[in-house]
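See below for upload_38.txt, which holds compact mmCIF, C-alpha atoms.
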# COMPACT_ATOMS: atom_id res chain seq x y z
CA MET A 28 -177.79 73.46 117.51
CA LEU A 29 -181.36 74.60 117.83
CA ALA A 30 -181.82 77.15 120.60
CA LEU A 31 -184.91 75.52 122.06
CA GLU A 32 -185.73 76.51 125.60
CA PHE A 33 -189.15 75.61 126.87
CA PRO A 34 -190.25 78.04 129.61
CA PRO A 35 -191.06 76.47 133.01
CA LEU A 36 -194.73 76.10 133.82
CA SER A 37 -194.75 79.01 136.27
CA HIS A 38 -193.63 81.38 133.49
CA ILE A 39 -196.67 80.72 131.35
CA THR A 40 -199.33 80.63 134.06
CA ASN A 41 -198.19 83.17 136.68
CA TRP A 42 -198.50 86.85 135.87
CA GLY A 43 -197.27 89.83 137.83
CA GLY A 44 -199.77 92.42 138.92
CA TYR A 45 -200.26 95.56 136.86
CA VAL A 46 -201.41 97.37 139.99
CA GLY A 47 -200.59 96.40 143.59
CA ASP A 48 -198.13 93.59 142.84
CA GLY A 49 -198.01 91.10 145.73
CA GLU A 50 -201.02 92.54 147.53
CA ILE A 51 -204.11 90.43 148.01
CA TRP A 52 -206.12 92.73 145.71
CA GLU A 53 -203.51 92.88 142.92
CA ILE A 54 -204.85 93.43 139.42
CA ASN A 55 -203.14 90.96 137.11
CA LYS A 56 -204.00 89.29 133.83
CA ILE A 57 -206.26 86.69 135.43
CA VAL A 58 -208.31 89.35 137.23
CA LEU A 59 -208.61 91.26 133.95
CA VAL A 60 -209.98 88.12 132.26
CA TYR A 61 -212.52 87.67 135.08
CA GLY A 62 -213.52 91.30 134.62
CA PHE A 63 -213.97 90.98 130.86
CA ALA A 64 -215.90 87.72 131.21
CA LEU A 65 -218.26 89.23 133.79
CA LEU A 66 -218.69 92.32 131.62
CA PHE A 67 -219.52 90.31 128.49
CA THR A 68 -221.91 88.01 130.38
CA TRP A 69 -223.67 91.05 131.87
CA LEU A 70 -223.72 92.83 128.48
CA LEU A 71 -225.36 89.85 126.82
CA PHE A 72 -228.03 89.73 129.54
CA PHE A 73 -228.50 93.53 129.39
CA LEU A 74 -228.63 93.91 125.61
CA GLY A 75 -230.82 90.83 125.26
CA ARG A 76 -233.58 92.48 127.31
CA LYS A 77 -234.88 94.78 124.59
CA GLY A 78 -237.52 92.23 123.70
CA GLU A 79 -238.23 93.41 120.17
CA ILE A 80 -240.26 91.05 118.03
CA VAL A 81 -237.72 91.04 115.21
CA PRO A 82 -234.40 90.62 117.05
CA THR A 83 -231.27 92.33 115.75
CA GLY A 84 -227.58 92.27 116.67
CA ALA A 85 -226.90 91.56 120.31
CA GLN A 86 -230.47 90.48 120.99
CA ASN A 87 -230.06 87.81 118.33
CA LEU A 88 -226.93 86.52 120.05
CA ALA A 89 -228.60 86.57 123.47
CA GLU A 90 -231.65 84.70 122.23
CA MET A 91 -229.45 82.17 120.48
CA SER A 92 -227.49 81.40 123.65
CA ILE A 93 -230.65 81.19 125.76
CA GLU A 94 -232.16 78.80 123.24
CA PHE A 95 -228.99 76.70 123.19
CA VAL A 96 -228.85 76.38 126.99
CA GLU A 97 -232.58 75.77 127.37
CA ASP A 98 -233.01 73.24 124.55
CA GLY A 99 -229.56 71.65 124.51
CA ILE A 100 -228.86 71.44 128.23
CA VAL A 101 -231.90 72.04 130.45
CA MET A 102 -234.51 70.13 128.43
CA ASP A 103 -232.13 67.23 127.72
CA THR A 104 -231.07 66.69 131.31
CA MET A 105 -233.94 67.88 133.52
CA GLY A 106 -237.03 68.28 131.36
CA GLU A 107 -239.81 70.78 131.92
CA GLU A 108 -239.41 71.25 135.70
CA GLY A 109 -235.74 72.18 135.28
CA LYS A 110 -236.55 75.47 133.57
CA LYS A 111 -236.17 77.42 136.82
CA TYR A 112 -232.44 76.59 136.66
CA THR A 113 -232.02 78.11 133.18
CA PRO A 114 -230.72 81.53 134.43
CA PHE A 115 -228.14 79.84 136.68
CA LEU A 116 -226.93 77.45 133.99
CA LEU A 117 -226.93 80.21 131.34
CA SER A 118 -224.73 82.52 133.41
CA LEU A 119 -222.47 79.56 134.28
CA PHE A 120 -222.14 78.64 130.60
CA LEU A 121 -221.47 82.20 129.40
CA PHE A 122 -218.96 82.98 132.16
CA ILE A 123 -216.97 79.77 131.56
CA PHE A 124 -217.06 80.27 127.79
CA PHE A 125 -215.80 83.85 128.01
CA THR A 126 -212.98 82.99 130.45
CA ASN A 127 -211.98 80.07 128.20
CA ILE A 128 -212.03 81.99 124.94
CA PHE A 129 -209.35 84.40 126.19
CA GLU A 130 -206.96 81.54 125.52
CA VAL A 131 -206.94 82.54 121.84
CA VAL A 132 -207.56 86.29 122.11
CA PRO A 133 -204.37 88.03 120.95
CA VAL A 134 -202.29 89.96 123.53
CA ILE A 135 -204.06 88.31 126.49
CA GLN A 136 -203.79 84.64 125.44
CA MET A 137 -204.35 83.24 128.90
CA PRO A 138 -207.40 81.21 129.87
CA ALA A 139 -208.32 82.07 133.48
CA SER A 140 -209.58 78.49 133.80
CA ALA A 141 -205.99 77.25 133.51
CA ARG A 142 -205.52 78.39 137.12
CA ILE A 143 -207.38 76.00 139.40
CA ALA A 144 -208.97 78.75 141.53
CA MET A 145 -211.72 79.54 139.03
CA PRO A 146 -212.85 75.97 138.13
CA MET A 147 -212.71 75.09 141.84
CA THR A 148 -214.90 78.04 142.85
CA LEU A 149 -217.44 77.26 140.13
CA ALA A 150 -217.47 73.56 141.05
CA ILE A 151 -218.09 74.47 144.72
CA ILE A 152 -220.97 76.76 143.69
CA ALA A 153 -222.43 73.97 141.54
CA TYR A 154 -221.91 71.50 144.44
CA LEU A 155 -223.87 73.74 146.82
CA VAL A 156 -226.61 74.25 144.23
CA TYR A 157 -227.21 70.59 143.40
CA HIS A 158 -227.03 69.31 146.97
CA GLY A 159 -229.20 72.25 148.01
CA ALA A 160 -231.73 71.26 145.34
CA GLY A 161 -231.64 67.70 146.69
CA PHE A 162 -232.32 68.78 150.29
CA LYS A 163 -235.07 71.13 149.14
CA SER A 164 -236.75 68.37 147.17
CA HIS A 165 -236.38 65.46 149.65
CA GLY A 166 -235.70 67.02 153.05
CA LEU A 167 -233.46 64.85 155.21
CA GLY A 168 -234.56 61.86 153.15
CA TYR A 169 -232.08 63.16 150.57
CA PHE A 170 -229.34 61.08 152.20
CA LYS A 171 -231.40 57.95 151.58
CA HIS A 172 -232.17 59.10 148.03
CA ALA A 173 -228.51 59.82 147.27
CA LEU A 174 -226.80 56.96 149.09
CA VAL A 175 -229.16 53.98 148.80
CA PRO A 176 -229.88 52.90 145.22
CA PRO A 177 -233.14 50.92 144.96
CA GLY A 178 -233.02 47.13 144.73
CA VAL A 179 -229.66 46.49 146.37
CA PRO A 180 -229.42 43.26 148.45
CA ILE A 181 -229.08 43.97 152.18
CA GLY A 182 -225.78 42.07 152.39
CA ILE A 183 -223.73 44.44 150.26
CA LEU A 184 -225.66 47.58 151.24
CA PRO A 185 -222.97 49.01 153.61
CA LEU A 186 -220.38 48.74 150.86
CA VAL A 187 -222.67 50.42 148.30
CA VAL A 188 -223.45 53.26 150.72
CA ILE A 189 -219.74 53.95 151.27
CA ILE A 190 -218.99 53.88 147.54
CA GLU A 191 -221.93 56.19 146.76
CA PHE A 192 -220.90 58.60 149.52
CA VAL A 193 -217.30 58.83 148.29
CA SER A 194 -218.31 59.23 144.65
CA LYS A 195 -221.17 61.71 145.16
CA PHE A 196 -219.86 63.89 147.97
CA LEU A 197 -216.07 63.75 147.54
CA VAL A 198 -214.98 62.69 144.04
CA GLN A 199 -217.71 64.38 142.02
CA PRO A 200 -216.68 68.03 142.74
CA PHE A 201 -213.03 67.06 142.29
CA SER A 202 -213.51 65.54 138.84
CA HIS A 203 -215.83 68.43 137.95
CA THR A 204 -212.97 70.85 138.74
CA VAL A 205 -210.13 68.91 137.16
CA ARG A 206 -211.98 68.34 133.87
CA LEU A 207 -212.22 72.05 133.12
CA PHE A 208 -208.86 72.99 134.63
CA ALA A 209 -206.71 70.30 132.99
CA ASN A 210 -208.32 70.67 129.56
CA LEU A 211 -207.57 74.38 129.41
CA LEU A 212 -204.09 74.05 130.92
CA ALA A 213 -203.24 71.34 128.39
CA GLY A 214 -204.49 73.52 125.53
CA HIS A 215 -202.49 76.49 126.79
CA ILE A 216 -199.28 74.43 127.03
CA LEU A 217 -199.90 73.00 123.55
CA LEU A 218 -200.15 76.47 122.01
CA VAL A 219 -197.03 77.64 123.89
CA THR A 220 -195.10 74.58 122.66
CA PHE A 221 -195.83 75.26 119.01
CA ALA A 222 -195.19 78.97 119.40
CA VAL A 223 -191.80 78.31 121.05
CA LEU A 224 -190.87 75.85 118.28
CA THR A 225 -191.83 78.38 115.59
CA SER A 226 -189.85 81.21 117.13
CA ALA A 227 -186.82 78.92 117.63
CA LEU A 228 -186.88 77.94 113.94
CA ILE A 229 -186.91 81.52 112.62
CA THR A 230 -183.13 81.84 112.26
CA PRO A 231 -180.75 82.56 109.38
CA LYS A 232 -179.69 78.87 109.43
CA TRP A 233 -180.72 76.37 106.74
CA TYR A 234 -183.26 74.60 108.95
CA ALA A 235 -185.41 77.72 108.96
CA ILE A 236 -187.23 76.09 106.02
CA PHE A 237 -189.04 73.89 108.58
CA ALA A 238 -190.54 76.90 110.38
CA PRO A 239 -193.88 76.73 108.48
CA LEU A 240 -194.62 73.30 109.99
CA PRO A 241 -194.97 74.33 113.67
CA PHE A 242 -196.57 77.58 112.51
CA ALA A 243 -199.28 75.55 110.79
CA GLY A 244 -199.60 73.72 114.11
CA VAL A 245 -200.19 77.03 115.91
CA VAL A 246 -202.91 77.99 113.43
CA PHE A 247 -204.61 74.60 113.55
CA PHE A 248 -204.54 74.26 117.34
CA THR A 249 -205.77 77.83 117.81
CA ALA A 250 -208.88 76.86 115.83
CA PHE A 251 -209.07 73.61 117.81
CA GLU A 252 -208.88 75.50 121.12
CA VAL A 253 -211.84 77.69 120.13
CA PHE A 254 -213.80 74.45 119.79
CA VAL A 255 -212.43 73.11 123.10
CA SER A 256 -213.36 76.34 124.92
CA PHE A 257 -216.93 75.97 123.76
CA LEU A 258 -217.07 72.22 124.41
CA GLN A 259 -215.73 72.46 127.96
CA ALA A 260 -218.19 75.23 128.87
CA TYR A 261 -220.95 73.00 127.44
CA VAL A 262 -219.76 69.89 129.29
CA PHE A 263 -219.39 71.70 132.63
CA THR A 264 -222.91 73.12 132.36
CA LEU A 265 -224.35 69.82 131.11
CA LEU A 266 -222.85 67.92 134.05
CA THR A 267 -224.20 70.51 136.50
CA GLY A 268 -227.64 69.91 134.97
CA VAL A 269 -227.24 66.13 135.26
CA TYR A 270 -226.17 66.41 138.91
CA ILE A 271 -229.09 68.72 139.76
CA ASN A 272 -231.48 66.26 138.11
CA ALA A 273 -229.96 63.27 139.93
CA ALA A 274 -230.26 65.08 143.26
CA ALA A 275 -233.75 66.54 142.87
CA SER A 276 -235.66 63.92 140.85
CA HIS A 277 -238.36 61.70 142.38
CA GLU A 278 -238.24 58.89 139.85
CA HIS A 279 -237.02 55.89 141.84
CA MET B 21 -174.40 55.92 122.56
CA SER B 22 -176.42 52.74 122.78
CA ILE B 23 -180.14 52.70 123.35
CA ALA B 24 -179.70 51.17 126.83
CA VAL B 25 -177.53 54.09 127.93
CA LEU B 26 -180.00 56.60 126.52
CA ALA B 27 -182.87 54.82 128.27
CA ALA B 28 -180.99 54.84 131.57
CA GLU B 29 -180.36 58.58 131.20
CA GLY B 30 -184.04 59.12 130.52
CA LEU B 31 -185.03 57.46 133.79
CA THR B 32 -185.26 60.69 135.71
CA ASN B 33 -188.34 61.57 137.68
CA LYS B 34 -189.62 63.59 134.72
CA GLY B 35 -188.90 60.81 132.24
CA VAL B 36 -190.81 58.25 134.29
CA ALA B 37 -193.71 60.67 134.77
CA ALA B 38 -193.95 61.31 131.02
CA LEU B 39 -193.76 57.59 130.21
CA THR B 40 -196.44 56.76 132.77
CA TYR B 41 -198.75 59.44 131.46
CA GLY B 42 -198.38 57.90 128.01
CA LEU B 43 -199.35 54.49 129.43
CA GLY B 44 -202.25 56.02 131.34
CA ALA B 45 -203.65 57.66 128.20
CA ILE B 46 -204.09 54.30 126.43
CA GLY B 47 -207.21 53.28 128.36
CA PRO B 48 -209.19 56.51 127.91
CA GLY B 49 -208.08 56.57 124.25
CA ILE B 50 -209.63 53.17 123.61
CA GLY B 51 -212.67 54.17 125.67
CA ILE B 52 -213.40 57.37 123.75
CA GLY B 53 -212.82 55.65 120.42
CA TYR B 54 -215.29 52.89 121.24
CA LEU B 55 -217.81 55.36 122.67
CA VAL B 56 -217.81 57.70 119.68
CA GLY B 57 -217.82 54.80 117.21
CA GLN B 58 -220.89 53.27 118.83
CA SER B 59 -222.59 56.69 118.97
CA VAL B 60 -221.99 57.26 115.25
CA GLN B 61 -223.45 53.84 114.55
CA ALA B 62 -226.50 54.67 116.65
CA MET B 63 -226.95 58.00 114.86
CA ALA B 64 -226.65 56.33 111.46
CA ARG B 65 -229.28 53.73 112.36
CA GLN B 66 -231.71 56.17 113.96
CA PRO B 67 -231.07 59.69 112.65
CA GLU B 68 -234.20 60.99 114.42
CA SER B 69 -232.65 60.28 117.85
CA ALA B 70 -229.33 61.92 116.93
CA GLY B 71 -229.82 64.83 119.34
CA MET B 72 -230.27 62.61 122.37
CA VAL B 73 -227.39 60.34 121.38
CA ARG B 74 -225.12 63.37 120.93
CA THR B 75 -225.86 64.71 124.43
CA THR B 76 -225.25 61.31 126.00
CA MET B 77 -222.09 60.91 123.94
CA PHE B 78 -220.61 64.18 125.22
CA LEU B 79 -221.54 63.17 128.75
CA GLY B 80 -219.77 59.83 128.33
CA ILE B 81 -216.74 61.50 126.77
CA ALA B 82 -216.56 63.87 129.74
CA PHE B 83 -216.50 60.96 132.19
CA VAL B 84 -213.90 58.95 130.28
CA GLU B 85 -211.75 61.98 129.53
CA ALA B 86 -211.54 62.81 133.25
CA LEU B 87 -209.31 59.75 133.74
CA ALA B 88 -206.76 60.93 131.19
CA LEU B 89 -206.88 64.46 132.59
CA ILE B 90 -206.27 63.30 136.16
CA GLY B 91 -203.26 61.46 134.73
CA PHE B 92 -202.16 64.75 133.14
CA VAL B 93 -202.33 66.55 136.49
CA VAL B 94 -200.48 63.71 138.26
CA PHE B 95 -197.81 63.99 135.55
CA PHE B 96 -197.14 67.59 136.62
CA LEU B 97 -197.21 66.74 140.31
CA ALA B 98 -194.79 63.81 139.85
CA GLY B 99 -192.54 65.45 137.28
CA ALA B 100 -191.95 68.64 139.25
Translate this structure into structure tokens?
Amino acid sequence: MLALEFPPLSHITNWGGYVGDGEIWEINKIVLVYGFALLFTWLLFFLGRKGEIVPTGAQNLAEMSIEFVEDGIVMDTMGEEGKKYTPFLLSLFLFIFFTNIFEVVPVIQMPASARIAMPMTLAIIAYLVYHGAGFKSHGLGYFKHALVPPGVPIGILPLVVIIEFVSKFLVQPFSHTVRLFANLLAGHILLVTFAVLTSALITPKWYAIFAPLPFAGVVFFTAFEVFVSFLQAYVFTLLTGVYINAAASHEH
Amino acid sequence: MSIAVLAAEGLTNKGVAALTYGLGAIGPGIGIGYLVGQSVQAMARQPESAGMVRTTMFLGIAFVEALALIGFVVFFLAGA
């Protein structure tokens, strides 16, 4: 029969340390991905600073990403007064995108976002930023702004306040975390599944003729995961923008 | 082996978790399909507002998709 043995989840997400295995400061694959992502984000900021009138190379790329974040995320969610958040959202977007894209980079092939620590940390940072923006904009009246929607009858007001509190202060950061984490973990498992199938089918037996099918799956889903990496970085940043706008706006 | 025997053998913790995740993915599947379909219709009717519709569409997809993804996480917690 087919020698098909799917590795347990811990084998495809846990990595031993290259240096200092078991210590709190151990350097493993995940830390390397953080390092690369920080380096690339910093490089894009650094090389984009040249400020020549006719942009070339890296400056082109930097200006393109700034334009994308400012027009596609900041202007769509917050409008003109949200432009002061562009640097924060831009670094968030670039860092998430670079950690995600290592899912398809050969040799590494591990998205750091498939371990919950990174999405959770970023969601907590975003949580502090958007509630901080709310308090800065409304003072202590922010609780009224966040918890009491206008035009609710007094009878059901206690119920509405409880629901708003649970959804805005407890569930929102949780779903913000899980969306990024689970998407990337699912993509990683999908790629591993097709790779395991392909390697199991490369045998001298007659059913080796089916090996091209899962291999085509690997190729297709690798391209798909590039798209997912980009989309999840976009969605995470977009939602942060929406939350900041909901907390800080004065429209009601 | 009859199907009943096979089904009974499949009723391990993992089997039930996988089956339940499949059931839980139905709702978000319908939701995303409806959402994207309506967005495409809106974009076809008013191509000049396509940018705004696209942003809102991705936002809606993110909210609906979260349900399926929470189911995916629960699948791992229950199936372990």
To one decimal place in Å, what is the distance between atom CA of Tyr261 of chain A and atom CA of Phe124 of chain A?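 Straight-line distance from atom CA of Tyr261 of chain A to atom CA of Phe124 of chain A works out to 8.3 Å.
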Using all atoms listed in the file, select each residue of chain B with any atom at most 8 Å away from an atom of chain A, and give the selection as an mmCIF file with C-alpha atoms, in the frame of the given file.
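iface_7.cif was written with the following content:
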data_model
loop_
_atom_site.group_PDB
_atom_site.id
_atom_site.type_symbol
_atom_site.label_atom_id
_atom_site.label_comp_id
_atom_site.auth_asym_id
_atom_site.auth_seq_id
_atom_site.Cartn_x
_atom_site.Cartn_y
_atom_site.Cartn_z
ATOM 1 C CA MET B 72 -230.270 62.610 122.370
ATOM 2 C CA THR B 75 -225.860 64.710 124.430
ATOM 3 C CA PHE B 78 -220.610 64.180 125.220
ATOM 4 C CA LEU B 79 -221.540 63.170 128.750
ATOM 5 C CA ALA B 82 -216.560 63.870 129.740
ATOM 6 C CA GLU B 85 -211.750 61.980 129.530
ATOM 7 C CA ALA B 86 -211.540 62.810 133.250
ATOM 8 C CA LEU B 89 -206.880 64.460 132.590
ATOM 9 C CA ILE B 90 -206.270 63.300 136.160
ATOM 10 C CA PHE B 92 -202.160 64.750 133.140
ATOM 11 C CA VAL B 93 -202.330 66.550 136.490
#
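Each of B:Val94, B:Met77, B:Leu43, B:Leu31 was checked against Met63 of chain B using all atoms listed in the file; the smallest atom-to-atom distance is that of B:Met77.
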Restricting the calculation to only C-alpha atoms, which member of A:Ala139, A:Leu70, A:Leu217, A:Gly106 is positioned closest to Trp42 of chain A?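 Of A:Ala139, A:Leu70, A:Leu217, A:Gly106, the one nearest Trp42 of chain A is A:Ala139, counting only C-alpha atoms.
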To one decimal place in Å, what is the distance between atom CA of Ala62 of chain B and atom CA of Thr76 of chain B?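 Straight-line distance from atom CA of Ala62 of chain B to atom CA of Thr76 of chain B works out to 11.5 Å.
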Any idea what the distance is between atom CA of Ile57 of chain A and atom CA of Met137 of chain A?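 Answer for the atom CA of Ile57 of chain A to atom CA of Met137 of chain A separation: 7.6 Å.
Residue neighbourhood of Ala85 of chain A, excluding near-sequence residues (fewer than 2 positions): A:Leu70, A:Leu71, A:Phe72, A:Phe73, A:Leu74, A:Gly75, A:Arg76, A:Lys77, A:Pro82, A:Thr83, A:Asn87, A:Leu88, A:Ala89, A:Glu90, A:Met91, at 10 Å, using all atoms listed in the file.
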Using only C-alpha atoms and a cutoff of 8 Å, can you tell me which residues are near (-218.3, 85.5, 125.9) in the file's coordinates, and write them out as a count of residues only? 9
Spatial neighbours of Val175 of chain A, max dist 12 Å, only C-alpha atoms, sep filter under 5 positions, as an MDAnalysis selection string: chainID A and resid 168:170 180:181 183:192 195 279
Quick one: segment 27-61 of chain B with N, CA and C atoms, as a compact mmCIF listing (two decimals), in the frame of the given file?
# COMPACT_ATOMS: atom_id res chain seq x y z
N ALA B 27 -181.69 55.13 127.46
CA ALA B 27 -182.87 54.82 128.27
C ALA B 27 -182.56 55.05 129.74
N ALA B 28 -181.35 54.65 130.18
CA ALA B 28 -180.99 54.84 131.57
C ALA B 28 -180.91 56.32 131.91
N GLU B 29 -180.42 57.14 130.96
CA GLU B 29 -180.36 58.58 131.20
C GLU B 29 -181.75 59.20 131.27
N GLY B 30 -182.68 58.59 130.52
CA GLY B 30 -184.04 59.12 130.52
C GLY B 30 -184.81 58.80 131.78
N LEU B 31 -184.28 57.89 132.62
CA LEU B 31 -185.03 57.46 133.79
C LEU B 31 -184.93 58.46 134.94
N THR B 32 -185.15 59.72 134.64
CA THR B 32 -185.26 60.69 135.71
C THR B 32 -186.70 60.68 136.18
N ASN B 33 -186.97 61.48 137.19
CA ASN B 33 -188.34 61.57 137.68
C ASN B 33 -189.27 62.03 136.58
N LYS B 34 -188.80 63.04 135.80
CA LYS B 34 -189.62 63.59 134.72
C LYS B 34 -189.85 62.57 133.63
N GLY B 35 -188.78 61.81 133.29
CA GLY B 35 -188.90 60.81 132.24
C GLY B 35 -189.94 59.76 132.60
N VAL B 36 -189.86 59.28 133.85
CA VAL B 36 -190.81 58.25 134.29
C VAL B 36 -192.23 58.80 134.28
N ALA B 37 -192.38 60.07 134.74
CA ALA B 37 -193.71 60.67 134.77
C ALA B 37 -194.29 60.75 133.37
N ALA B 38 -193.47 61.18 132.39
CA ALA B 38 -193.95 61.31 131.02
C ALA B 38 -194.34 59.96 130.45
N LEU B 39 -193.49 58.93 130.71
CA LEU B 39 -193.76 57.59 130.21
C LEU B 39 -195.06 57.06 130.80
N THR B 40 -195.25 57.29 132.11
CA THR B 40 -196.44 56.76 132.77
C THR B 40 -197.69 57.46 132.29
N TYR B 41 -197.58 58.77 132.00
CA TYR B 41 -198.75 59.44 131.46
C TYR B 41 -199.13 58.84 130.11
N GLY B 42 -198.10 58.53 129.30
CA GLY B 42 -198.38 57.90 128.01
C GLY B 42 -199.11 56.58 128.18
N LEU B 43 -198.67 55.76 129.16
CA LEU B 43 -199.35 54.49 129.43
C LEU B 43 -200.77 54.73 129.91
N GLY B 44 -200.93 55.75 130.77
CA GLY B 44 -202.25 56.02 131.34
C GLY B 44 -203.24 56.55 130.32
N ALA B 45 -202.75 57.10 129.21
CA ALA B 45 -203.65 57.66 128.20
C ALA B 45 -204.20 56.59 127.27
N ILE B 46 -203.63 55.36 127.34
CA ILE B 46 -204.09 54.30 126.43
C ILE B 46 -205.54 53.94 126.70
N GLY B 47 -205.86 53.71 128.00
CA GLY B 47 -207.21 53.28 128.36
C GLY B 47 -208.28 54.26 127.92
N PRO B 48 -208.19 55.53 128.35
CA PRO B 48 -209.19 56.51 127.91
C PRO B 48 -209.24 56.66 126.39
N GLY B 49 -208.09 56.49 125.71
CA GLY B 49 -208.08 56.57 124.25
C GLY B 49 -208.97 55.50 123.64
N ILE B 50 -208.78 54.27 124.10
CA ILE B 50 -209.63 53.17 123.61
C ILE B 50 -211.08 53.45 123.96
N GLY B 51 -211.31 53.93 125.21
CA GLY B 51 -212.67 54.17 125.67
C GLY B 51 -213.39 55.19 124.81
N ILE B 52 -212.74 56.32 124.54
CA ILE B 52 -213.40 57.37 123.75
C ILE B 52 -213.63 56.89 122.33
N GLY B 53 -212.66 56.17 121.78
CA GLY B 53 -212.82 55.65 120.42
C GLY B 53 -214.04 54.75 120.31
N TYR B 54 -214.16 53.82 121.26
CA TYR B 54 -215.29 52.89 121.24
C TYR B 54 -216.60 53.64 121.40
N LEU B 55 -216.58 54.60 122.35
CA LEU B 55 -217.81 55.36 122.67
C LEU B 55 -218.31 56.14 121.46
N VAL B 56 -217.39 56.88 120.82
CA VAL B 56 -217.81 57.70 119.68
C VAL B 56 -218.21 56.82 118.51
N GLY B 57 -217.48 55.71 118.31
CA GLY B 57 -217.82 54.80 117.21
C GLY B 57 -219.23 54.26 117.36
N GLN B 58 -219.55 53.80 118.58
CA GLN B 58 -220.89 53.27 118.83
C GLN B 58 -221.96 54.35 118.66
N SER B 59 -221.60 55.61 119.10
CA SER B 59 -222.59 56.69 118.97
C SER B 59 -222.87 56.99 117.50
N VAL B 60 -221.81 57.00 116.67
CA VAL B 60 -221.99 57.26 115.25
C VAL B 60 -222.87 56.18 114.63
N GLN B 61 -222.63 54.93 115.06
CA GLN B 61 -223.45 53.84 114.55
C GLN B 61 -224.92 54.05 114.93
